[in-house]
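Structure first, commentary second.
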Amino acid sequence: MNRWFYRICTVLLASLPLPAAASESQILRHVEALSRDYYYVHIVDPAQPFRTQDIVGGEHENEYYILGFHGETFIIFIESIEGEAGYSLRGEGYDRQRGKLGDMITVKDTHTWISIGVSATPYAEYNLTVKKYEQ
């Protein structure tokens with residue numbers, strides 16, 4: 001019975017979409033709450049953007065906190081795969097410019113957490129990409 005149970009769990013877990021390996025290494029911390037998932041992300045290498053694919057909906061929201069330091073610029077782009085995912089930016093210490101390829105965020109303070117809240121009604125599957133911009 002135990003072997004059968006572990007095999008079923010392994011198959012189910014293997015079928016879940018997981019972030020790319022590079023993105024997984026960029027996550028400093030992940031906290032699951034009742035209606036929120038919080039991801040704390042640090043992007044060191046501009047050649048490796050943070051990318052994730054996830055599902056959100058109803059009262060559930062995914063919150064991504066991007067660690068930024070003075071002078072760094074990030075481009076945030078979200079693409080809905082199914083449904084319509086939306087996002088909002090929260091936080092202080094940065095400037096935001098909207099563009100065709102996403103929002104460009106430039107950190108003005110010594111350091112800050114850029115908060116990206118992704119939500120949808122009733123539900124959506126999405127890709128989120130946050131790229132550190134090289135000037």
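If you're wondering about the labels, chains in the structure tokens are A, B, ... by order shown, residues count from 1 in each chain, ligands from 1 in order shown.
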
Identify all residues of chain A in alpha helix (DSSP H) (DSSP on the backbone) and supply them as a list in words.
Asn2, Arg3, Trp4, Phe5, Tyr6, Arg7, Ile8, Cys9, Thr10, Val11, Leu12, Leu13, Ala14, Ser15, Ala21, Ala22, Ser23, Glu24, Ser25 and Gln26 of chain A

Report as a ChimeraX atom specification all protein, DNA and RNA residues lying within 10 Å of segment 87-104 of chain A, evaluated on only C-alpha atoms, omitting residues in the same chain fewer than 6 positions from it.
/A:61-65,68-79,110-120,128-133

Using only C-alpha atoms, pick whichever of A:Glu84, A:Leu28, A:Asp45, A:Tyr40 has the shortest atom-to-atom distance to Gly57 of chain A.
A:Glu84

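Ranking A:Ile55, A:His60, A:Leu34, A:Asp109 by their shortest atom-to-atom distance to Glu125 of chain A, with only C-alpha atoms included, puts A:Ile55 first.
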
Taking into account only C-alpha atoms, which residue in the set A:Glu24, A:His30, A:Thr121, A:Ser35 is nearest to Gln48 of chain A?
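Result for the nearest residue to Gln48 of chain A: A:Glu24.
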
Which residue gives the smallest distance to Ser25 of chain A among A:Val56, A:Tyr38, A:Ile81, A:Arg51, with only C-alpha atoms counted?
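Looking only at the distances to Ser25 of chain A, the closest residue turns out to be A:Arg51.
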
Report as a PyMOL selection string: the residues of chain A with a DSSP assignment of strand (DSSP E), based on the backbone of this structure.
chain A and resi 27-32+36-41+50-57+61-69+73-83+86-90+94-99+102-107+111-119+123-133
